[in-house]
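S.K.: Below: one structure in structure tokens.
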2 protein chains.
Amino acid sequence: MFQPTPHNTASTRPLTIVIVGGVAGGASAAARARRLNEQARIILIEKDHDVSFANCGLPYYIGGEITDRNKLLVATPQKFREWFNIDVRTHQEVKSIDAGRKVVEIHERDTGKTYEESYDKLILSPGASPIVPPLEGVKSRNVFTLRNLADTDAIKACIDGDGAGTGAGGGGGEKAKKRNAVVIGAGFIGLEMVEMLHRRGMHISLVEMQPQVLPPLDREMARIVEGELEKHGVELHLGNGLKSLETAGELVTQVVLADETRLAADLVIMAIGVRPNVSLATAIGLELGKTGGIAVNEFMQTSAPDIYAVGDAVEYRHGVADMLMRVPLAGPANRAGRIAGEHAAVGQAPPMQAVLGTAIVRIFDKVAAVTGCNDRCNAMTGRKARSVWVPANDHASYYPGAKEMLVKLIYDPETNRVIGAQIVGGPGVDKRIDVIATTIRFGGTVEDLTSLDLAYAPPFSSAKDPVHMAGFVAENDLRELCAVTRPDAVEAMEPNVQVVDVRTASEWDAGHLDRATHIPLPELRQRMGELDPTRPVVTICRGGQRGYLAARILKQNSFADVSNMTGGMLLWNILEKSATATSRA
Amino acid sequence: MFQPTPHNTASTRPLTIVIVGGVAGGASAAARARRLNEQARIILIEKDHDVSFANCGLPYYIGGEITDRNKLLVATPQKFREWFNIDVRTHQEVKSIDAGRKVVEIHERDTGKTYEESYDKLILSPGASPIVPPLEGVKSRNVFTLRNLADTDAIKACIDGDGAGTGAGGGGGEKAKKRNAVVIGAGFIGLEMVEMLHRRGMHISLVEMQPQVLPPLDREMARIVEGELEKHGVELHLGNGLKSLETAGELVTQVVLADETRLAADLVIMAIGVRPNVSLATAIGLELGKTGGIAVNEFMQTSAPDIYAVGDAVEYRHGVADMLMRVPLAGPANRAGRIAGEHAAVGQAPPMQAVLGTAIVRIFDKVAAVTGCNDRCNAMTGRKARSVWVPANDHASYYPGAKEMLVKLIYDPETNRVIGAQIVGGPGVDKRIDVIATTIRFGGTVEDLTSLDLAYAPPFSSAKDPVHMAGFVAENDLRELCAVTRPDAVEAMEPNVQVVDVRTASEWDAGHLDRATHIPLPELRQRMGELDPTRPVVTICRGGQRGYLAARILKQNSFADVSNMTGGMLLWNILEKSATATSRA
């Protein structure tokens, strides 16, 4: 492995590294640059008050899970100065770059003055800004986005009721009445805000243009999350857009949706998404990618010499889709910052690895996580993909507290490689998504999943971990031991297809498909004469395991066309609710 | 991928597969064989009452965490019959094998009769038996091993006080007095029993021949577990053997150790280890490996045609050590059973993958986990290895409830590959050991660890996960950005080595090395003149992070020989206590 040697300028003047923006990778870049090059002048310019704060913690402070605001300040300007000897300049904004002279123009917000600073290496970490639709009323005192501490304080003040946000529903003497929050956008931040506003006792309407929450998940997996939201009284308005805001004075009182639904609002959170801050970059003609993010190479270098860019404003290579994408997540931003800082400081660095879009969110008692490519991504890239849905407990079912999760495993039938996964459940979802993300990173196959040597003791897992189980089911599909059929395809199948439910009588009685025939698994070998081996058969059980065994029995008894309904009645019920919800909408 | 076709016998007679023993892989083999070959006759011979039970759950039932005994019966004979059409014969024991005639001799325990059964394929899953030292008194009514449900019931009865186990300490009218348990052996089962007996209100003495608990862990990591045991009042007798047992009637009353320590005993648990049950195998000359386990190939075939062996009685290839080892763990047993069952049923199967010895155990509020090779394993194989110790929180420190874990990462400095890890901490230890085990499985390097795309949200992780942090520190070592020194080497260093503690004044005041000089990190750049750049320097902080930065500062200011004390005072304190404990012993 190479060993860096600080490459200072040819003259005796030390290398000057200017970093624009502390959040989303800038602070990481600064710290890494210093560790690699003690002699460099390192200047960190930040237009706000805080150079580095816990972006991902903001909803939890608003909700009251994090009670000490100081905890959000993960690295103060003082620490950057004392530990890293970094010249931190807050309340200052880089207004322009002169790439030819290698100079930035800096505006001091406190004094209104402007001055120039030279750089040898420039690292841009401009981040991204929340998208705010151009509607009348969006500047009202009770309409917020959530990106920084100032936003956080304002939202908190509004909820706490000191002045702002006493519109339609609450405030004043009406403490008993629930105040109404409208959250626009059901992505990660939107959902975290929903939970936290619920925690603060508000009634919440969640509005999302897509027909589902959490667009990184496929629809049926998102449906589980929707069920959890509904269980907690959250009003869902999916496949519905924001049309207008009605105001009274400085406050929004009603949110009007595309379908004319009117939602009372004491507080509106805009969490539609973010737009990369590329104005500095475009002003000097830095190349942008198709996604609108700044184009960079594997060392985070832009199209201009000696200018790097990191964080939410750039494009990353997606390791499975093999496409450039914007990935506004903290993990990649931190890693990119580290690489840019090192490369700027010493002229070389390990290359940035492709990202997988691995992400996770807690929504009340559920956890939803995703990695790699989902159905939409596979459709976009034209990649053939197959999926299985596998329910499994987070730990040994005989040990108290086991909770079921549903794993959707997506794989390439040509290479057998794992290309994506989505998991919704409770405890232990984070572990399984990380293990699968690690497998994907190394190009691992479905068979690799089945044989990972994972840690097992009853409080933590099962001898057959959910990751193994998902691998087993996918392997059976790939090896054509058992074909799988999606539950939503079963209802629409030709009448000659025989649908056989092999669950117990009590499970059957609790609900089943109208067209199904009931033959409990223990009776199948004796009663298979009731079925026609020349006609196709789909087997069904609760989660897929007994259905698989039933399919194997029939297949080996001269039934020509047998498949198992993947995910069983568990997945069928989820999809059924999804369909019902859509037809209601 | 190949598609199996059932390969039944040439004649019209179906293939007969006989499986000897349900636990430790036999049940998995039976179920897999049936799924692959519906026509085969599958016979499962089990000498005990239960074909498949939750071995790993037994301690938790004894301790009362699992309250329903039925939960331990994960797959009943009835299920094997009804679902899998398997001919289950319990209370029957295979006494001998005639490999020439392909016949087993079976003894019916209930009738005392013996009969023969032919096989086409034979799968041996004999498991392993607890080692019991040949001492007088070991057959006493209050001395137990823990391997099956009968053992479990007996131990539970003894604790519950109905008859047995009312020796020296308790029973009768002396309910107020704590009863004394002596656990011999501090491996996984020994430690689980310690926690569970403590939960039942007993005073526990833990005796271990090795100078540490949990021999799969390196000594300093095991020391953290020892601290947790001591905190709960467990009396540790390490590096001490069992000499004799003193009895009164049918009960042991005192356990006498090699150093003549006498321990009062109402209950003695022998958890010294297990010995593979190879008598059937050796009787017909099946090849054994050096470890005493049955030698098998990647399809679990023994040296005799048509005889397979799986579970705790066989040897597995260790993926890092590249040696054959016995690995009496449920995970490999299950996977091996699946492969043997498939291969026996259809003549081919995916090969068994090497194991990594990944294991985990909860001890009170701590969790200890291991994967790959430890120091002893590396010494044995002569592999060069380096280690770093990295403390890190399980999730974002600003989010409530963050708990620190200590990660020991072991890697090969020639290939940069990760070759092992040990983690002791609380929540989230299981996730990190699984991610590292997955990385090792794919031959991943230290740099790979730094760039894994793991899921981050405040309740689950940090943008820089403990896995990333461990990778960073190891990478810095490999790239010679910062040499590391083990804390236990610092005290013994030549007097000319300058030891610099860069922590804050309050941290320094709370305890420091006698020979250290105190220069807080923020003052180091100004005060480095107090140090001699021609003499070696070791930097110290709490966990290694500030020490690393200090080392970088000095190294880049013409200090010729600088290293950082890995793991910082955190690890130093652990090792110090370890040394004290040893000198006390």
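For the structure tokens, the naming scheme is as follows: chains receive sequential letters (A, B, ...) according to their order of presentation, residues are indexed from 1 within each chain, and ligands are indexed from 1 in presentation order.
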Write out as a PDB file with N, CA and C atoms, in the first residue's frame all residues of stretch 55-171 of chain B that backbone DSSP assigns to strand (DSSP E).
M.R.:
ATOM      1  N   ASP B  87     -39.480 -41.916   8.540  1.00  0.00           N
ATOM      2  CA  ASP B  87     -39.695 -43.016   9.477  1.00  0.00           C
ATOM      3  C   ASP B  87     -38.805 -42.770  10.704  1.00  0.00           C
ATOM      4  N   VAL B  88     -39.391 -42.118  11.697  1.00  0.00           N
ATOM      5  CA  VAL B  88     -38.618 -41.742  12.881  1.00  0.00           C
ATOM      6  C   VAL B  88     -38.697 -42.861  13.921  1.00  0.00           C
ATOM      7  N   ARG B  89     -37.565 -43.305  14.360  1.00  0.00           N
ATOM      8  CA  ARG B  89     -37.545 -44.383  15.362  1.00  0.00           C
ATOM      9  C   ARG B  89     -36.744 -43.912  16.563  1.00  0.00           C
ATOM     10  N   THR B  90     -37.461 -43.443  17.585  1.00  0.00           N
ATOM     11  CA  THR B  90     -36.790 -42.977  18.794  1.00  0.00           C
ATOM     12  C   THR B  90     -36.595 -44.143  19.757  1.00  0.00           C
ATOM     13  N   GLN B  92     -34.165 -45.879  19.918  1.00  0.00           N
ATOM     14  CA  GLN B  92     -33.480 -46.965  19.216  1.00  0.00           C
ATOM     15  C   GLN B  92     -32.047 -46.524  18.961  1.00  0.00           C
ATOM     16  N   GLU B  93     -31.145 -47.458  19.059  1.00  0.00           N
ATOM     17  CA  GLU B  93     -29.743 -47.086  18.963  1.00  0.00           C
ATOM     18  C   GLU B  93     -29.031 -47.974  17.942  1.00  0.00           C
ATOM     19  N   VAL B  94     -28.292 -47.342  17.052  1.00  0.00           N
ATOM     20  CA  VAL B  94     -27.493 -48.118  16.099  1.00  0.00           C
ATOM     21  C   VAL B  94     -26.269 -48.625  16.847  1.00  0.00           C
ATOM     22  N   LYS B  95     -26.127 -49.930  16.914  1.00  0.00           N
ATOM     23  CA  LYS B  95     -25.050 -50.548  17.682  1.00  0.00           C
ATOM     24  C   LYS B  95     -23.829 -50.817  16.820  1.00  0.00           C
ATOM     25  N   SER B  96     -24.062 -51.096  15.540  1.00  0.00           N
ATOM     26  CA  SER B  96     -22.926 -51.368  14.673  1.00  0.00           C
ATOM     27  C   SER B  96     -23.326 -51.178  13.220  1.00  0.00           C
ATOM     28  N   ILE B  97     -22.303 -51.056  12.409  1.00  0.00           N
ATOM     29  CA  ILE B  97     -22.508 -50.876  10.966  1.00  0.00           C
ATOM     30  C   ILE B  97     -21.763 -52.002  10.260  1.00  0.00           C
ATOM     31  N   ASP B  98     -22.414 -52.598   9.284  1.00  0.00           N
ATOM     32  CA  ASP B  98     -21.698 -53.528   8.404  1.00  0.00           C
ATOM     33  C   ASP B  98     -21.594 -52.832   7.048  1.00  0.00           C
ATOM     34  N   VAL B 103     -25.569 -52.500   6.028  1.00  0.00           N
ATOM     35  CA  VAL B 103     -26.615 -52.816   6.996  1.00  0.00           C
ATOM     36  C   VAL B 103     -26.218 -52.215   8.346  1.00  0.00           C
ATOM     37  N   VAL B 104     -27.202 -51.688   9.074  1.00  0.00           N
ATOM     38  CA  VAL B 104     -26.934 -51.283  10.456  1.00  0.00           C
ATOM     39  C   VAL B 104     -27.693 -52.204  11.402  1.00  0.00           C
ATOM     40  N   GLU B 105     -27.089 -52.404  12.558  1.00  0.00           N
ATOM     41  CA  GLU B 105     -27.737 -53.211  13.596  1.00  0.00           C
ATOM     42  C   GLU B 105     -28.339 -52.243  14.610  1.00  0.00           C
ATOM     43  N   ILE B 106     -29.643 -52.389  14.848  1.00  0.00           N
ATOM     44  CA  ILE B 106     -30.358 -51.429  15.687  1.00  0.00           C
ATOM     45  C   ILE B 106     -30.900 -52.112  16.934  1.00  0.00           C
ATOM     46  N   HIS B 107     -30.701 -51.444  18.069  1.00  0.00           N
ATOM     47  CA  HIS B 107     -31.169 -51.964  19.351  1.00  0.00           C
ATOM     48  C   HIS B 107     -32.386 -51.159  19.782  1.00  0.00           C
ATOM     49  N   GLU B 108     -33.483 -51.856  20.021  1.00  0.00           N
ATOM     50  CA  GLU B 108     -34.689 -51.184  20.526  1.00  0.00           C
ATOM     51  C   GLU B 108     -34.596 -51.093  22.038  1.00  0.00           C
ATOM     52  N   THR B 114     -33.025 -56.529  19.058  1.00  0.00           N
ATOM     53  CA  THR B 114     -32.089 -56.006  18.066  1.00  0.00           C
ATOM     54  C   THR B 114     -32.525 -56.462  16.679  1.00  0.00           C
ATOM     55  N   TYR B 115     -32.426 -55.558  15.701  1.00  0.00           N
ATOM     56  CA  TYR B 115     -32.776 -55.949  14.329  1.00  0.00           C
ATOM     57  C   TYR B 115     -31.849 -55.243  13.349  1.00  0.00           C
ATOM     58  N   GLU B 116     -31.928 -55.641  12.089  1.00  0.00           N
ATOM     59  CA  GLU B 116     -31.074 -55.047  11.064  1.00  0.00           C
ATOM     60  C   GLU B 116     -31.891 -54.176  10.121  1.00  0.00           C
ATOM     61  N   GLU B 117     -31.246 -53.162   9.593  1.00  0.00           N
ATOM     62  CA  GLU B 117     -31.870 -52.317   8.571  1.00  0.00           C
ATOM     63  C   GLU B 117     -30.836 -52.071   7.490  1.00  0.00           C
ATOM     64  N   SER B 118     -31.239 -52.241   6.227  1.00  0.00           N
ATOM     65  CA  SER B 118     -30.329 -51.971   5.112  1.00  0.00           C
ATOM     66  C   SER B 118     -30.338 -50.491   4.769  1.00  0.00           C
ATOM     67  N   LYS B 121     -27.634 -45.240   1.554  1.00  0.00           N
ATOM     68  CA  LYS B 121     -26.794 -44.135   2.039  1.00  0.00           C
ATOM     69  C   LYS B 121     -26.990 -44.049   3.547  1.00  0.00           C
ATOM     70  N   LEU B 122     -25.881 -43.860   4.237  1.00  0.00           N
ATOM     71  CA  LEU B 122     -25.940 -43.769   5.698  1.00  0.00           C
ATOM     72  C   LEU B 122     -25.370 -42.416   6.113  1.00  0.00           C
ATOM     73  N   ILE B 123     -26.105 -41.693   6.963  1.00  0.00           N
ATOM     74  CA  ILE B 123     -25.618 -40.396   7.447  1.00  0.00           C
ATOM     75  C   ILE B 123     -25.457 -40.482   8.961  1.00  0.00           C
ATOM     76  N   LEU B 124     -24.241 -40.306   9.424  1.00  0.00           N
ATOM     77  CA  LEU B 124     -23.965 -40.370  10.860  1.00  0.00           C
ATOM     78  C   LEU B 124     -23.988 -38.970  11.460  1.00  0.00           C
ATOM     79  N   ALA B 128     -21.506 -35.093  19.999  1.00  0.00           N
ATOM     80  CA  ALA B 128     -20.363 -35.171  20.901  1.00  0.00           C
ATOM     81  C   ALA B 128     -20.897 -35.316  22.311  1.00  0.00           C
ATOM     82  N   SER B 129     -20.058 -35.825  23.193  1.00  0.00           N
ATOM     83  CA  SER B 129     -20.487 -36.018  24.583  1.00  0.00           C
ATOM     84  C   SER B 129     -19.642 -35.154  25.512  1.00  0.00           C
ATOM     85  N   PRO B 130     -20.276 -34.656  26.544  1.00  0.00           N
ATOM     86  CA  PRO B 130     -19.521 -33.844  27.500  1.00  0.00           C
ATOM     87  C   PRO B 130     -18.381 -34.659  28.110  1.00  0.00           C
ATOM     88  N   VAL B 143     -24.140 -33.633  40.515  1.00  0.00           N
ATOM     89  CA  VAL B 143     -23.117 -33.308  39.511  1.00  0.00           C
ATOM     90  C   VAL B 143     -23.714 -33.565  38.129  1.00  0.00           C
ATOM     91  N   PHE B 144     -23.641 -32.536  37.261  1.00  0.00           N
ATOM     92  CA  PHE B 144     -24.352 -32.621  35.991  1.00  0.00           C
ATOM     93  C   PHE B 144     -23.488 -32.192  34.808  1.00  0.00           C
TER      94      PHE B 144
END
S.K.: Excluding A:Lys555 and any residue of its chain fewer than 6 positions from it, enumerate the residues within 12 Å of it, using only C-alpha atoms, and give them as a list in words.
M.R.: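 Surrounding residues, per the criterion: Glu480, Leu481, Cys482, Ala483, Arg525, Met528, Pro533, Thr534, Arg535, Pro536, Val537, Val538, Thr539, Gly547, Tyr548, Leu549, Asp561, Val562, Ser563 and Asn564 of chain A; Thr5, Pro6, Arg35, Leu36, Asn37, Glu38 and Gln39 of chain B.
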S.K.: Taking into account only C-alpha atoms, which residue in the set A:Gln353, A:Leu72, A:Leu238, A:Ala359 is nearest to A:Ala330?
M.R.: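 When distances to A:Ala330 are compared using only C-alpha atoms, the smallest one comes from A:Ala359.
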S.K.: Tell me as number ranges by chain which residues belonging to chain B come within 6 Å of chain A, counting only C-alpha atoms.
M.R.: B: 3, 71, 82-83, 330-331, 358-360, 398, 431, 434-435, 454-455, 463, 479, 522
S.K.: List the spatial neighbours of B:Gly289 as a list in words - criterion: any atom at most 9 Å away, only C-alpha atoms, same-chain residues fewer than 6 positions off excluded.
M.R.: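 Everything that qualifies: Ala295, Val296, Val314, Glu315, Leu324 and Met325 of chain B.
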S.K.: Export, as a CSV table (one decimal), in the first residue's frame, the selected residues with C-alpha atoms.
M.R.:
chain,number,residue,atom,x,y,z
B,295,ALA,CA,-12.7,-36.9,8.4
B,296,VAL,CA,-15.1,-35.9,5.6
B,314,VAL,CA,-16.6,-34.3,12.3
B,315,GLU,CA,-13.8,-32.0,11.3
B,324,LEU,CA,-9.1,-29.0,9.9
B,325,MET,CA,-10.8,-28.3,13.2
S.K.: Can you pull out the residues contacting B:Leu570? Cut-off 8 Å, using only C-alpha atoms, and skip same-chain residues under 4 positions away; I want them as a compact mmCIF listing (two decimals) with N, CA, C and O atoms, in the first residue's frame.
M.R.:
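The resulting file, result.txt, is shown below:
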# COMPACT_ATOMS: atom_id res chain seq x y z
N ARG B 542 -7.54 8.22 25.60
CA ARG B 542 -8.49 7.30 26.22
C ARG B 542 -8.67 6.02 25.40
O ARG B 542 -8.65 4.92 25.93
N GLY B 543 -8.87 6.20 24.08
CA GLY B 543 -9.19 5.02 23.27
C GLY B 543 -8.33 4.88 22.04
O GLY B 543 -8.40 3.88 21.34
N ILE B 574 -7.72 -2.53 31.13
CA ILE B 574 -8.15 -3.94 31.03
C ILE B 574 -6.95 -4.87 31.25
O ILE B 574 -7.02 -5.82 32.02
S.K.: Where does DSSP see helix (DSSP H, G or I) in stretch 270-375 of chain B, if you list the residues as a list in words?
M.R.: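 Of stretch 270-375 of chain B, only Ser279, Leu280, Ala281, Thr282, Ala283, Gly311, Asp312, Ala313, Ala330, Gly331, Pro332, Ala333, Asn334, Arg335, Ala336, Gly337, Arg338, Ile339, Ala340, Gly341, Glu342, His343, Ala344, Ala345, Val346 and Asp375 of chain B fall in helix (DSSP H, G or I).
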S.K.: So that I can check the surroundings of A:His237, please list as a list in words every protein, DNA and RNA residue that reaches within 8 Å of it, counting only C-alpha atoms and ignoring chain neighbours fewer than 5 positions away.
M.R.: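 Contacts, in chain order: Ser205, Leu206, Val207 and Glu208 of chain A.
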S.K.: Atoms to include: N, CA and C atoms. Write the selected residues as a PDB file, in the first residue's frame.
M.R.:
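Saved result, again-v9.pdb, follows:
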ATOM      1  N   SER A 205     -51.037  14.266   9.204  1.00  0.00           N
ATOM      2  CA  SER A 205     -51.397  13.859   7.844  1.00  0.00           C
ATOM      3  C   SER A 205     -50.105  13.798   7.051  1.00  0.00           C
ATOM      4  N   LEU A 206     -49.934  12.699   6.360  1.00  0.00           N
ATOM      5  CA  LEU A 206     -48.715  12.511   5.565  1.00  0.00           C
ATOM      6  C   LEU A 206     -49.103  12.496   4.085  1.00  0.00           C
ATOM      7  N   VAL A 207     -48.499  13.387   3.335  1.00  0.00           N
ATOM      8  CA  VAL A 207     -48.844  13.547   1.921  1.00  0.00           C
ATOM      9  C   VAL A 207     -47.663  13.114   1.071  1.00  0.00           C
ATOM     10  N   GLU A 208     -47.927  12.268   0.087  1.00  0.00           N
ATOM     11  CA  GLU A 208     -46.828  11.805  -0.768  1.00  0.00           C
ATOM     12  C   GLU A 208     -47.338  11.667  -2.201  1.00  0.00           C
TER      13      GLU A 208
END
S.K.: In Å to one decimal, how far is atom CA of B:Val132 from atom CA of B:Ile159?
M.R.: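 If I compute the distance from atom CA of B:Ile159 to atom CA of B:Val132, I get 20.7 Å.
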S.K.: Need to verify the contact set: B:Glu260, 12 Å, only C-alpha atoms, exclusion of same-chain residues closer than 3 positions in sequence. Can you return it as a list in words?
M.R.: His237, Asn240, Gly241, Leu242, Lys243, Ser244, Leu245, Gln254, Val255, Val256, Leu257 and Leu263 of chain B
S.K.: Set the distance at 8 Å and use only C-alpha atoms: which residues neighbour B:Ile410 once local chain neighbours fewer than 6 positions away are removed? I'd like the list as a compact mmCIF listing (two decimals) with all heavy atoms, in the first residue's frame.
M.R.:
# COMPACT_ATOMS: atom_id res chain seq x y z
N CYS B 373 -9.42 -16.08 13.08
CA CYS B 373 -8.31 -16.54 13.90
C CYS B 373 -7.99 -15.56 15.02
O CYS B 373 -7.95 -14.36 14.82
CB CYS B 373 -7.06 -16.71 13.02
SG CYS B 373 -7.06 -18.30 12.16
N ASN B 374 -7.72 -16.11 16.21
CA ASN B 374 -7.24 -15.30 17.33
C ASN B 374 -5.72 -15.41 17.42
O ASN B 374 -5.08 -16.05 16.58
CB ASN B 374 -7.95 -15.72 18.63
CG ASN B 374 -7.68 -17.18 18.99
OD1 ASN B 374 -6.77 -17.81 18.43
ND2 ASN B 374 -8.45 -17.71 19.91
N ALA B 385 0.55 -11.61 11.96
CA ALA B 385 -0.73 -10.92 12.14
C ALA B 385 -0.49 -9.66 12.95
O ALA B 385 0.40 -9.62 13.79
CB ALA B 385 -1.72 -11.83 12.85
N ARG B 386 -1.26 -8.68 12.68
CA ARG B 386 -1.24 -7.46 13.48
C ARG B 386 -2.64 -7.22 14.02
O ARG B 386 -3.63 -7.70 13.44
CB ARG B 386 -0.76 -6.27 12.65
CG ARG B 386 0.70 -6.38 12.22
CD ARG B 386 1.19 -5.14 11.49
NE ARG B 386 1.16 -3.95 12.31
CZ ARG B 386 2.10 -3.60 13.19
NH1 ARG B 386 3.16 -4.36 13.37
NH2 ARG B 386 1.98 -2.50 13.89
N SER B 387 -2.72 -6.49 15.11
CA SER B 387 -4.03 -6.23 15.73
C SER B 387 -4.15 -4.77 16.13
O SER B 387 -3.16 -4.15 16.52
CB SER B 387 -4.21 -7.05 17.01
OG SER B 387 -4.02 -8.41 16.76
N VAL B 388 -5.35 -4.26 16.05
CA VAL B 388 -5.67 -2.98 16.69
C VAL B 388 -6.91 -3.17 17.55
O VAL B 388 -7.73 -4.05 17.29
CB VAL B 388 -5.91 -1.85 15.67
CG1 VAL B 388 -4.60 -1.41 15.02
CG2 VAL B 388 -6.92 -2.25 14.61
N VAL B 418 -8.39 -9.14 6.32
CA VAL B 418 -8.90 -9.31 7.67
C VAL B 418 -8.88 -10.81 7.97
O VAL B 418 -9.34 -11.61 7.16
CB VAL B 418 -10.34 -8.77 7.79
CG1 VAL B 418 -10.85 -8.93 9.21
CG2 VAL B 418 -10.39 -7.31 7.35
N ILE B 419 -8.32 -11.18 9.12
CA ILE B 419 -8.26 -12.61 9.43
C ILE B 419 -8.97 -12.98 10.73
O ILE B 419 -9.15 -14.15 11.02
CB ILE B 419 -6.80 -13.15 9.45
CG1 ILE B 419 -5.95 -12.35 10.43
CG2 ILE B 419 -6.22 -13.11 8.05
CD1 ILE B 419 -4.50 -12.85 10.48
N GLY B 420 -9.40 -11.96 11.47
CA GLY B 420 -10.13 -12.29 12.67
C GLY B 420 -10.64 -11.05 13.37
O GLY B 420 -10.18 -9.93 13.08
N ALA B 421 -11.59 -11.25 14.26
CA ALA B 421 -12.07 -10.14 15.08
C ALA B 421 -12.67 -10.70 16.35
O ALA B 421 -13.17 -11.83 16.38
CB ALA B 421 -13.11 -9.32 14.32
S.K.: Which of these residues is nearest to A:Lys408, using only C-alpha atoms: A:Ala344, A:Ile269, A:Val467, A:Val278?
M.R.: A:Val467
S.K.: Return the single residue from B:Asp218, B:Glu230, B:Asp306, B:Asp120 that is closest to B:Arg376, with distances computed using only C-alpha atoms.
M.R.: B:Asp218
S.K.: When you draw a straight line from atom CA of A:Ala40 to atom CA of A:Thr282, how long is it in Å?
M.R.: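 A separation of 27.7 Å between them.
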S.K.: Go through B:Ala248, B:Ile184, B:Val490, B:Ile189 and flag the residue nearest B:Arg147, using only C-alpha atoms for the distances.
M.R.: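 Comparing B:Ala248, B:Ile184, B:Val490, B:Ile189 against B:Arg147, the winner is B:Ile189.
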